[in-house]
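Heads up, upload17.txt below (compact mmCIF, N, CA and C atoms):
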```txt
# COMPACT_ATOMS: atom_id res chain seq x y z
N MET D 224 -1.79 18.13 -1.87
CA MET D 224 -1.10 16.92 -2.26
C MET D 224 0.40 17.10 -2.06
N LYS D 225 1.03 16.04 -1.60
CA LYS D 225 2.47 16.07 -1.35
C LYS D 225 3.26 16.22 -2.65
N PRO D 226 4.37 16.94 -2.61
CA PRO D 226 5.23 17.02 -3.80
C PRO D 226 5.72 15.64 -4.26
N SER D 227 6.00 14.75 -3.34
CA SER D 227 6.47 13.41 -3.72
C SER D 227 5.37 12.62 -4.42
N THR D 228 4.13 12.84 -4.04
CA THR D 228 3.00 12.19 -4.73
C THR D 228 2.92 12.71 -6.16
N ARG D 229 3.08 14.02 -6.31
CA ARG D 229 3.05 14.61 -7.65
C ARG D 229 4.14 14.04 -8.55
N GLU D 230 5.29 13.76 -7.97
CA GLU D 230 6.38 13.16 -8.76
C GLU D 230 5.99 11.78 -9.26
N TRP D 231 5.37 10.97 -8.40
CA TRP D 231 4.91 9.65 -8.83
C TRP D 231 3.87 9.78 -9.93
N ILE D 232 2.96 10.73 -9.78
CA ILE D 232 1.92 10.94 -10.78
C ILE D 232 2.53 11.34 -12.12
N LYS D 233 3.49 12.22 -12.08
CA LYS D 233 4.16 12.66 -13.31
C LYS D 233 4.78 11.46 -14.05
N LYS D 234 5.46 10.61 -13.30
CA LYS D 234 6.08 9.41 -13.90
C LYS D 234 5.02 8.45 -14.41
N ALA D 235 3.97 8.26 -13.64
CA ALA D 235 2.89 7.35 -14.03
C ALA D 235 2.22 7.82 -15.31
N GLU D 236 1.97 9.11 -15.38
CA GLU D 236 1.30 9.66 -16.55
C GLU D 236 2.19 9.58 -17.79
N ALA D 237 3.49 9.77 -17.61
CA ALA D 237 4.42 9.65 -18.74
C ALA D 237 4.41 8.22 -19.30
N ASP D 238 4.39 7.24 -18.41
CA ASP D 238 4.32 5.84 -18.88
C ASP D 238 2.99 5.58 -19.58
N TYR D 239 1.91 6.09 -19.03
CA TYR D 239 0.59 5.89 -19.66
C TYR D 239 0.56 6.50 -21.06
N GLN D 240 1.02 7.73 -21.17
CA GLN D 240 1.01 8.40 -22.47
C GLN D 240 1.95 7.71 -23.46
N ALA D 241 3.08 7.21 -22.99
CA ALA D 241 4.00 6.46 -23.87
C ALA D 241 3.31 5.21 -24.40
N ALA D 242 2.60 4.50 -23.55
CA ALA D 242 1.88 3.30 -23.98
C ALA D 242 0.84 3.63 -25.05
N ILE D 243 0.10 4.69 -24.82
CA ILE D 243 -0.94 5.08 -25.78
C ILE D 243 -0.31 5.47 -27.12
N GLU D 244 0.74 6.28 -27.08
CA GLU D 244 1.39 6.69 -28.33
C GLU D 244 1.99 5.51 -29.08
N LEU D 245 2.67 4.62 -28.37
CA LEU D 245 3.27 3.46 -29.03
C LEU D 245 2.20 2.54 -29.61
N SER D 246 1.07 2.45 -28.98
CA SER D 246 0.00 1.57 -29.47
C SER D 246 -0.64 2.11 -30.75
N ARG D 247 -0.46 3.37 -31.04
CA ARG D 247 -1.05 3.98 -32.23
C ARG D 247 -0.21 3.77 -33.49
N ARG D 248 1.02 3.37 -33.31
CA ARG D 248 1.91 3.18 -34.46
C ARG D 248 1.50 1.93 -35.23
N ARG D 249 1.48 2.05 -36.54
CA ARG D 249 1.05 0.94 -37.37
C ARG D 249 2.20 0.26 -38.10
N LYS D 250 3.22 1.02 -38.45
CA LYS D 250 4.33 0.45 -39.22
C LYS D 250 5.24 -0.41 -38.34
N ALA D 251 5.56 0.06 -37.18
CA ALA D 251 6.41 -0.69 -36.26
C ALA D 251 5.53 -1.20 -35.13
N VAL D 252 5.68 -2.45 -34.78
CA VAL D 252 4.87 -3.04 -33.72
C VAL D 252 5.66 -3.01 -32.41
N PHE D 253 5.09 -2.38 -31.41
CA PHE D 253 5.73 -2.24 -30.11
C PHE D 253 4.87 -2.84 -29.01
N ARG D 254 4.32 -4.01 -29.25
CA ARG D 254 3.39 -4.61 -28.28
C ARG D 254 4.02 -4.80 -26.90
N ASP D 255 5.25 -5.35 -26.87
CA ASP D 255 5.91 -5.58 -25.58
C ASP D 255 6.08 -4.27 -24.81
N HIS D 256 6.46 -3.23 -25.53
CA HIS D 256 6.70 -1.93 -24.91
C HIS D 256 5.40 -1.31 -24.40
N VAL D 257 4.33 -1.46 -25.17
CA VAL D 257 3.04 -0.93 -24.73
C VAL D 257 2.63 -1.60 -23.42
N CYS D 258 2.72 -2.92 -23.39
CA CYS D 258 2.33 -3.66 -22.18
C CYS D 258 3.22 -3.28 -20.99
N PHE D 259 4.51 -3.15 -21.23
CA PHE D 259 5.43 -2.77 -20.16
C PHE D 259 5.08 -1.39 -19.60
N HIS D 260 4.84 -0.42 -20.48
CA HIS D 260 4.51 0.93 -20.01
C HIS D 260 3.15 0.97 -19.31
N CYS D 261 2.22 0.13 -19.73
CA CYS D 261 0.94 0.04 -19.03
C CYS D 261 1.15 -0.46 -17.60
N GLN D 262 1.98 -1.49 -17.45
CA GLN D 262 2.29 -2.02 -16.13
C GLN D 262 2.97 -0.95 -15.28
N GLN D 263 3.95 -0.28 -15.88
CA GLN D 263 4.70 0.75 -15.14
C GLN D 263 3.79 1.90 -14.71
N SER D 264 2.87 2.28 -15.57
CA SER D 264 1.93 3.35 -15.22
C SER D 264 1.09 2.94 -14.01
N ALA D 265 0.55 1.74 -14.07
CA ALA D 265 -0.27 1.26 -12.95
C ALA D 265 0.54 1.19 -11.67
N GLU D 266 1.75 0.67 -11.76
CA GLU D 266 2.62 0.56 -10.58
C GLU D 266 2.86 1.94 -9.96
N LYS D 267 3.15 2.90 -10.78
CA LYS D 267 3.47 4.24 -10.27
C LYS D 267 2.22 4.96 -9.73
N TYR D 268 1.06 4.71 -10.34
CA TYR D 268 -0.16 5.30 -9.79
C TYR D 268 -0.48 4.69 -8.43
N LEU D 269 -0.27 3.38 -8.28
CA LEU D 269 -0.48 2.75 -6.98
C LEU D 269 0.50 3.31 -5.95
N LYS D 270 1.74 3.50 -6.36
CA LYS D 270 2.74 4.05 -5.44
C LYS D 270 2.45 5.51 -5.10
N ALA D 271 1.84 6.24 -6.02
CA ALA D 271 1.43 7.62 -5.72
C ALA D 271 0.37 7.61 -4.63
N ARG D 272 -0.58 6.69 -4.74
CA ARG D 272 -1.64 6.61 -3.72
C ARG D 272 -1.06 6.18 -2.37
N LEU D 273 -0.12 5.25 -2.40
CA LEU D 273 0.55 4.85 -1.16
C LEU D 273 1.28 6.03 -0.53
N GLU D 274 1.98 6.77 -1.35
CA GLU D 274 2.74 7.94 -0.87
C GLU D 274 1.80 8.95 -0.21
N GLU D 275 0.69 9.22 -0.86
CA GLU D 275 -0.24 10.21 -0.33
C GLU D 275 -0.86 9.75 0.99
N ALA D 276 -0.99 8.43 1.14
CA ALA D 276 -1.59 7.87 2.37
C ALA D 276 -0.54 7.59 3.45
N ASP D 277 0.70 7.99 3.20
CA ASP D 277 1.79 7.74 4.16
C ASP D 277 1.99 6.26 4.46
N ILE D 278 1.86 5.44 3.41
CA ILE D 278 2.08 4.00 3.54
C ILE D 278 3.37 3.68 2.79
N PHE D 279 4.26 2.97 3.46
CA PHE D 279 5.54 2.61 2.87
C PHE D 279 5.33 1.85 1.56
N SER D 280 6.06 2.26 0.53
CA SER D 280 5.98 1.62 -0.79
C SER D 280 7.24 0.81 -1.04
N PRO D 281 7.11 -0.52 -1.02
CA PRO D 281 8.30 -1.35 -1.26
C PRO D 281 8.73 -1.30 -2.72
N LYS D 282 9.98 -1.62 -2.96
CA LYS D 282 10.49 -1.70 -4.33
C LYS D 282 10.07 -3.05 -4.90
N THR D 283 8.93 -3.05 -5.56
CA THR D 283 8.39 -4.26 -6.16
C THR D 283 7.63 -3.90 -7.42
N HIS D 284 7.57 -4.88 -8.33
CA HIS D 284 6.75 -4.72 -9.53
C HIS D 284 5.45 -5.50 -9.41
N ASP D 285 5.27 -6.17 -8.27
CA ASP D 285 4.08 -6.98 -8.04
C ASP D 285 2.92 -6.08 -7.62
N LEU D 286 2.02 -5.84 -8.55
CA LEU D 286 0.92 -4.91 -8.31
C LEU D 286 -0.06 -5.44 -7.26
N LYS D 287 -0.17 -6.75 -7.13
CA LYS D 287 -1.05 -7.32 -6.11
C LYS D 287 -0.51 -7.01 -4.71
N LYS D 288 0.79 -7.00 -4.55
CA LYS D 288 1.39 -6.65 -3.25
C LYS D 288 1.10 -5.19 -2.92
N LEU D 289 1.21 -4.33 -3.92
CA LEU D 289 0.92 -2.91 -3.70
C LEU D 289 -0.56 -2.71 -3.35
N LEU D 290 -1.42 -3.43 -4.05
CA LEU D 290 -2.85 -3.33 -3.77
C LEU D 290 -3.15 -3.77 -2.34
N ALA D 291 -2.52 -4.85 -1.89
CA ALA D 291 -2.75 -5.33 -0.53
C ALA D 291 -2.45 -4.25 0.50
N LEU D 292 -1.44 -3.46 0.23
CA LEU D 292 -1.10 -2.36 1.14
C LEU D 292 -2.13 -1.24 1.11
N LEU D 293 -2.78 -1.08 -0.03
CA LEU D 293 -3.73 0.02 -0.20
C LEU D 293 -5.15 -0.29 0.26
N LEU D 294 -5.45 -1.56 0.45
CA LEU D 294 -6.84 -1.91 0.75
C LEU D 294 -7.36 -1.31 2.04
N SER D 295 -6.47 -0.95 2.96
CA SER D 295 -6.93 -0.32 4.20
C SER D 295 -7.50 1.08 3.95
N VAL D 296 -7.03 1.74 2.90
CA VAL D 296 -7.53 3.09 2.58
C VAL D 296 -8.42 3.11 1.34
N GLU D 297 -8.32 2.09 0.52
CA GLU D 297 -9.12 2.00 -0.70
C GLU D 297 -9.71 0.59 -0.81
N PRO D 298 -10.62 0.21 0.09
CA PRO D 298 -11.13 -1.17 0.09
C PRO D 298 -11.83 -1.59 -1.20
N LEU D 299 -12.46 -0.66 -1.88
CA LEU D 299 -13.16 -1.00 -3.12
C LEU D 299 -12.21 -1.34 -4.27
N TRP D 300 -10.94 -1.01 -4.10
CA TRP D 300 -9.97 -1.31 -5.15
C TRP D 300 -9.70 -2.80 -5.28
N SER D 301 -10.23 -3.59 -4.37
CA SER D 301 -10.08 -5.04 -4.50
C SER D 301 -10.66 -5.53 -5.82
N ALA D 302 -11.60 -4.79 -6.38
CA ALA D 302 -12.19 -5.13 -7.67
C ALA D 302 -11.17 -5.06 -8.81
N MET D 303 -10.06 -4.36 -8.58
CA MET D 303 -9.03 -4.24 -9.62
C MET D 303 -8.04 -5.40 -9.63
N LEU D 304 -8.21 -6.34 -8.72
CA LEU D 304 -7.25 -7.45 -8.62
C LEU D 304 -7.03 -8.18 -9.95
N PRO D 305 -8.06 -8.55 -10.71
CA PRO D 305 -7.80 -9.21 -12.00
C PRO D 305 -6.98 -8.35 -12.96
N SER D 306 -7.26 -7.07 -13.00
CA SER D 306 -6.50 -6.15 -13.86
C SER D 306 -5.04 -6.09 -13.44
N LEU D 307 -4.82 -5.98 -12.14
CA LEU D 307 -3.45 -5.88 -11.63
C LEU D 307 -2.68 -7.18 -11.83
N ASP D 308 -3.37 -8.29 -11.72
CA ASP D 308 -2.74 -9.59 -11.95
C ASP D 308 -2.26 -9.70 -13.39
N ARG D 309 -3.11 -9.29 -14.34
CA ARG D 309 -2.73 -9.32 -15.76
C ARG D 309 -1.55 -8.39 -16.02
N LEU D 310 -1.61 -7.19 -15.49
CA LEU D 310 -0.55 -6.21 -15.73
C LEU D 310 0.79 -6.64 -15.14
N THR D 311 0.77 -7.28 -13.99
CA THR D 311 2.01 -7.67 -13.32
C THR D 311 2.89 -8.54 -14.23
N THR D 312 2.28 -9.35 -15.06
CA THR D 312 3.08 -10.23 -15.93
C THR D 312 3.94 -9.45 -16.91
N HIS D 313 3.56 -8.22 -17.19
CA HIS D 313 4.31 -7.42 -18.16
C HIS D 313 5.48 -6.65 -17.54
N ALA D 314 5.64 -6.74 -16.24
CA ALA D 314 6.75 -6.05 -15.58
C ALA D 314 8.08 -6.65 -15.97
N VAL D 315 8.12 -7.95 -16.15
CA VAL D 315 9.38 -8.63 -16.45
C VAL D 315 9.26 -9.58 -17.64
N GLU D 316 8.25 -10.41 -17.63
CA GLU D 316 8.16 -11.49 -18.61
C GLU D 316 8.25 -11.05 -20.07
N THR D 317 7.51 -10.04 -20.44
CA THR D 317 7.53 -9.62 -21.85
C THR D 317 8.79 -8.83 -22.21
N ARG D 318 9.65 -8.63 -21.25
CA ARG D 318 10.91 -7.91 -21.51
C ARG D 318 12.00 -8.85 -22.02
N TYR D 319 11.72 -10.16 -22.02
CA TYR D 319 12.72 -11.14 -22.41
C TYR D 319 12.28 -11.94 -23.63
N PRO D 320 13.25 -12.41 -24.41
CA PRO D 320 12.92 -13.22 -25.59
C PRO D 320 12.07 -14.44 -25.23
N GLY D 321 11.19 -14.79 -26.15
CA GLY D 321 10.34 -15.94 -25.95
C GLY D 321 9.03 -15.64 -25.26
N ASN D 322 8.84 -14.42 -24.83
CA ASN D 322 7.61 -14.01 -24.14
C ASN D 322 7.07 -12.74 -24.77
N GLU D 323 6.57 -12.84 -25.97
CA GLU D 323 6.10 -11.65 -26.67
C GLU D 323 4.62 -11.40 -26.43
N ALA D 324 4.29 -10.15 -26.27
CA ALA D 324 2.91 -9.74 -26.05
C ALA D 324 2.11 -9.92 -27.34
N THR D 325 0.89 -10.34 -27.17
CA THR D 325 -0.03 -10.53 -28.29
C THR D 325 -0.90 -9.29 -28.46
N PRO D 326 -1.59 -9.18 -29.59
CA PRO D 326 -2.53 -8.06 -29.73
C PRO D 326 -3.58 -8.04 -28.61
N GLN D 327 -4.01 -9.21 -28.15
CA GLN D 327 -4.98 -9.26 -27.05
C GLN D 327 -4.35 -8.77 -25.75
N ASN D 328 -3.07 -9.10 -25.53
CA ASN D 328 -2.37 -8.60 -24.35
C ASN D 328 -2.36 -7.08 -24.35
N VAL D 329 -2.11 -6.49 -25.51
CA VAL D 329 -2.08 -5.03 -25.63
C VAL D 329 -3.45 -4.44 -25.29
N LYS D 330 -4.48 -5.02 -25.86
CA LYS D 330 -5.84 -4.54 -25.60
C LYS D 330 -6.16 -4.60 -24.11
N ASP D 331 -5.86 -5.74 -23.49
CA ASP D 331 -6.11 -5.91 -22.06
C ASP D 331 -5.27 -4.95 -21.22
N ALA D 332 -3.99 -4.82 -21.57
CA ALA D 332 -3.09 -3.96 -20.79
C ALA D 332 -3.54 -2.50 -20.84
N LYS D 333 -3.94 -2.04 -22.00
CA LYS D 333 -4.41 -0.66 -22.12
C LYS D 333 -5.67 -0.44 -21.29
N ARG D 334 -6.59 -1.39 -21.36
CA ARG D 334 -7.84 -1.28 -20.60
C ARG D 334 -7.55 -1.31 -19.09
N ASP D 335 -6.67 -2.22 -18.68
CA ASP D 335 -6.35 -2.35 -17.26
C ASP D 335 -5.62 -1.12 -16.74
N ALA D 336 -4.68 -0.60 -17.50
CA ALA D 336 -3.95 0.60 -17.09
C ALA D 336 -4.90 1.79 -16.99
N LYS D 337 -5.83 1.87 -17.91
CA LYS D 337 -6.81 2.97 -17.89
C LYS D 337 -7.67 2.90 -16.62
N THR D 338 -8.04 1.69 -16.23
CA THR D 338 -8.83 1.49 -15.01
C THR D 338 -8.06 1.96 -13.78
N VAL D 339 -6.82 1.53 -13.66
CA VAL D 339 -6.00 1.92 -12.51
C VAL D 339 -5.79 3.42 -12.51
N ARG D 340 -5.49 3.96 -13.67
CA ARG D 340 -5.27 5.41 -13.79
C ARG D 340 -6.50 6.18 -13.32
N ARG D 341 -7.67 5.78 -13.80
CA ARG D 341 -8.91 6.47 -13.44
C ARG D 341 -9.15 6.43 -11.94
N GLU D 342 -9.05 5.25 -11.33
CA GLU D 342 -9.30 5.12 -9.91
C GLU D 342 -8.29 5.90 -9.07
N ALA D 343 -7.03 5.84 -9.46
CA ALA D 343 -6.00 6.56 -8.70
C ALA D 343 -6.18 8.07 -8.80
N ARG D 344 -6.46 8.52 -10.01
CA ARG D 344 -6.63 9.98 -10.19
C ARG D 344 -7.87 10.48 -9.42
N LEU D 345 -8.94 9.71 -9.44
CA LEU D 345 -10.13 10.09 -8.68
C LEU D 345 -9.81 10.15 -7.18
N ALA D 346 -9.11 9.14 -6.68
CA ALA D 346 -8.77 9.09 -5.26
C ALA D 346 -7.85 10.23 -4.86
N LEU D 347 -7.05 10.70 -5.80
CA LEU D 347 -6.10 11.78 -5.51
C LEU D 347 -6.67 13.16 -5.85
N GLY D 348 -7.93 13.19 -6.28
CA GLY D 348 -8.58 14.46 -6.57
C GLY D 348 -8.12 15.11 -7.87
N LEU D 349 -7.72 14.29 -8.83
CA LEU D 349 -7.24 14.80 -10.12
C LEU D 349 -8.25 14.54 -11.23
N LYS D 350 -8.18 15.31 -12.28
CA LYS D 350 -9.04 15.10 -13.44
C LYS D 350 -8.72 13.75 -14.07
N VAL D 351 -9.74 13.10 -14.55
CA VAL D 351 -9.56 11.78 -15.18
C VAL D 351 -9.32 11.93 -16.62
```

Do you think you could lay out the structure here as structure tokens?
Amino acid sequence: MKPSTREWIKKAEADYQAAIELSRRRKAVFRDHVCFHCQQSAEKYLKARLEEADIFSPKTHDLKKLLALLLSVEPLWSAMLPSLDRLTTHAVETRYPGNEATPQNVKDAKRDAKTVRREARLALGLKV
């Protein structure tokens, strides 16, 4: 595996673990942050797979655009489109006032990020 791919994985995993840790807190509610880190984790895992496949990774938070680039090497990942669509909304929208994540958003974001993480790690030959 390329060193640059490993760097993307390291960043992706840090975002995933941050989301999980923040979601466990009961006294302070960090729903927006959990959803944001879930989106960031998915984005970075997709970019890790792009990097490993020698496919240019544009600077975008749109996970559907990243998936479109990956379908030539991971055609079955098209099944993740609904998950990626949900996660993409958390890249920007929940970062601003008036767009707060709900408990259901958190549940969905964690599930969706876990799906992307699992598929990317399997494709890259890493433990899930």

>> DSSP on the backbone: which residues in stretch 229-312 of chain D end up as alpha helix (DSSP H)? Give the answer as a PyMOL selection string.
In response: chain D and resi 229-247+254-275+286-293+304-311

>> Using only N, CA and C atoms, which protein or nucleic acid residues come within 7 Å of D:Glu275? Drop anything in the same chain fewer than 6 positions from it, and give the result as a VMD selection string.
In response: chain D and resid 225 227 to 228

> D:Ala235: which residues within 9 Å, counting only C-alpha atoms, same-chain residues fewer than 5 positions away excluded, as an MDAnalysis selection string?
Replying inline: chainID D and resid 230 240 260 263:268 271 340

>> Show me, as a PyMOL selection string, the residues that have an atom within 9 Å of D:Ala346 when counting only C-alpha atoms, minus same-chain residues fewer than 5 positions from it.
In response: chain D and resi 272+297+341

> Which distance in Å separates atom CA of D:Pro326 and atom CA of D:Leu304, to one decimal?
Replying inline: 21.6 Å

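We find atom N of D:Gln262 and atom C of D:Leu310 to be spaced 5.8 Å apart.
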
> Using all atoms listed in the file, which residue out of D:Ala324, D:Cys261, D:Ile278, D:Met224 lies closest to D:Ala242?
Replying inline: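 Between D:Ala324, D:Cys261, D:Ile278, D:Met224, the residue approaching D:Ala242 most closely is D:Cys261.
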
N, CA, C and O atoms restored at stretch 262-281 of chain D, emitted as an mmCIF file, keeping the file's coordinate frame:
```cif
data_model
loop_
_atom_site.group_PDB
_atom_site.id
_atom_site.type_symbol
_atom_site.label_atom_id
_atom_site.label_comp_id
_atom_site.auth_asym_id
_atom_site.auth_seq_id
_atom_site.Cartn_x
_atom_site.Cartn_y
_atom_site.Cartn_z
ATOM 1 N N GLN D 262 1.980 -1.490 -17.450
ATOM 2 C CA GLN D 262 2.290 -2.020 -16.130
ATOM 3 C C GLN D 262 2.970 -0.950 -15.280
ATOM 4 O O GLN D 262 2.643 -0.755 -14.123
ATOM 5 N N GLN D 263 3.950 -0.280 -15.880
ATOM 6 C CA GLN D 263 4.700 0.750 -15.140
ATOM 7 C C GLN D 263 3.790 1.900 -14.710
ATOM 8 O O GLN D 263 3.922 2.412 -13.606
ATOM 9 N N SER D 264 2.870 2.280 -15.570
ATOM 10 C CA SER D 264 1.930 3.350 -15.220
ATOM 11 C C SER D 264 1.090 2.940 -14.010
ATOM 12 O O SER D 264 0.945 3.701 -13.051
ATOM 13 N N ALA D 265 0.550 1.740 -14.070
ATOM 14 C CA ALA D 265 -0.270 1.260 -12.950
ATOM 15 C C ALA D 265 0.540 1.190 -11.670
ATOM 16 O O ALA D 265 0.081 1.622 -10.605
ATOM 17 N N GLU D 266 1.750 0.670 -11.760
ATOM 18 C CA GLU D 266 2.620 0.560 -10.580
ATOM 19 C C GLU D 266 2.860 1.940 -9.960
ATOM 20 O O GLU D 266 2.751 2.122 -8.747
ATOM 21 N N LYS D 267 3.150 2.900 -10.780
ATOM 22 C CA LYS D 267 3.470 4.240 -10.270
ATOM 23 C C LYS D 267 2.220 4.960 -9.730
ATOM 24 O O LYS D 267 2.313 5.709 -8.759
ATOM 25 N N TYR D 268 1.060 4.710 -10.340
ATOM 26 C CA TYR D 268 -0.160 5.300 -9.790
ATOM 27 C C TYR D 268 -0.480 4.690 -8.430
ATOM 28 O O TYR D 268 -0.892 5.392 -7.501
ATOM 29 N N LEU D 269 -0.270 3.380 -8.280
ATOM 30 C CA LEU D 269 -0.480 2.750 -6.980
ATOM 31 C C LEU D 269 0.500 3.310 -5.950
ATOM 32 O O LEU D 269 0.123 3.590 -4.805
ATOM 33 N N LYS D 270 1.740 3.500 -6.360
ATOM 34 C CA LYS D 270 2.740 4.050 -5.440
ATOM 35 C C LYS D 270 2.450 5.510 -5.100
ATOM 36 O O LYS D 270 2.723 5.953 -3.981
ATOM 37 N N ALA D 271 1.840 6.240 -6.020
ATOM 38 C CA ALA D 271 1.430 7.620 -5.720
ATOM 39 C C ALA D 271 0.370 7.610 -4.630
ATOM 40 O O ALA D 271 0.422 8.415 -3.690
ATOM 41 N N ARG D 272 -0.580 6.690 -4.740
ATOM 42 C CA ARG D 272 -1.640 6.610 -3.720
ATOM 43 C C ARG D 272 -1.060 6.180 -2.370
ATOM 44 O O ARG D 272 -1.466 6.701 -1.322
ATOM 45 N N LEU D 273 -0.120 5.250 -2.400
ATOM 46 C CA LEU D 273 0.550 4.850 -1.160
ATOM 47 C C LEU D 273 1.280 6.030 -0.530
ATOM 48 O O LEU D 273 1.184 6.267 0.677
ATOM 49 N N GLU D 274 1.980 6.770 -1.350
ATOM 50 C CA GLU D 274 2.740 7.940 -0.870
ATOM 51 C C GLU D 274 1.800 8.950 -0.210
ATOM 52 O O GLU D 274 2.088 9.449 0.871
ATOM 53 N N GLU D 275 0.690 9.220 -0.860
ATOM 54 C CA GLU D 275 -0.240 10.210 -0.330
ATOM 55 C C GLU D 275 -0.860 9.750 0.990
ATOM 56 O O GLU D 275 -1.179 10.564 1.848
ATOM 57 N N ALA D 276 -0.990 8.430 1.140
ATOM 58 C CA ALA D 276 -1.590 7.870 2.370
ATOM 59 C C ALA D 276 -0.540 7.590 3.450
ATOM 60 O O ALA D 276 -0.874 7.038 4.489
ATOM 61 N N ASP D 277 0.700 7.990 3.200
ATOM 62 C CA ASP D 277 1.790 7.740 4.160
ATOM 63 C C ASP D 277 1.990 6.260 4.460
ATOM 64 O O ASP D 277 2.235 5.867 5.598
ATOM 65 N N ILE D 278 1.860 5.440 3.410
ATOM 66 C CA ILE D 278 2.080 4.000 3.540
ATOM 67 C C ILE D 278 3.370 3.680 2.790
ATOM 68 O O ILE D 278 3.542 4.065 1.632
ATOM 69 N N PHE D 279 4.260 2.970 3.460
ATOM 70 C CA PHE D 279 5.540 2.610 2.870
ATOM 71 C C PHE D 279 5.330 1.850 1.560
ATOM 72 O O PHE D 279 4.544 0.910 1.498
ATOM 73 N N SER D 280 6.060 2.260 0.530
ATOM 74 C CA SER D 280 5.980 1.620 -0.790
ATOM 75 C C SER D 280 7.240 0.810 -1.040
ATOM 76 O O SER D 280 8.316 1.372 -1.250
ATOM 77 N N PRO D 281 7.110 -0.520 -1.020
ATOM 78 C CA PRO D 281 8.300 -1.350 -1.260
ATOM 79 C C PRO D 281 8.730 -1.300 -2.720
ATOM 80 O O PRO D 281 7.934 -0.983 -3.597
#
```
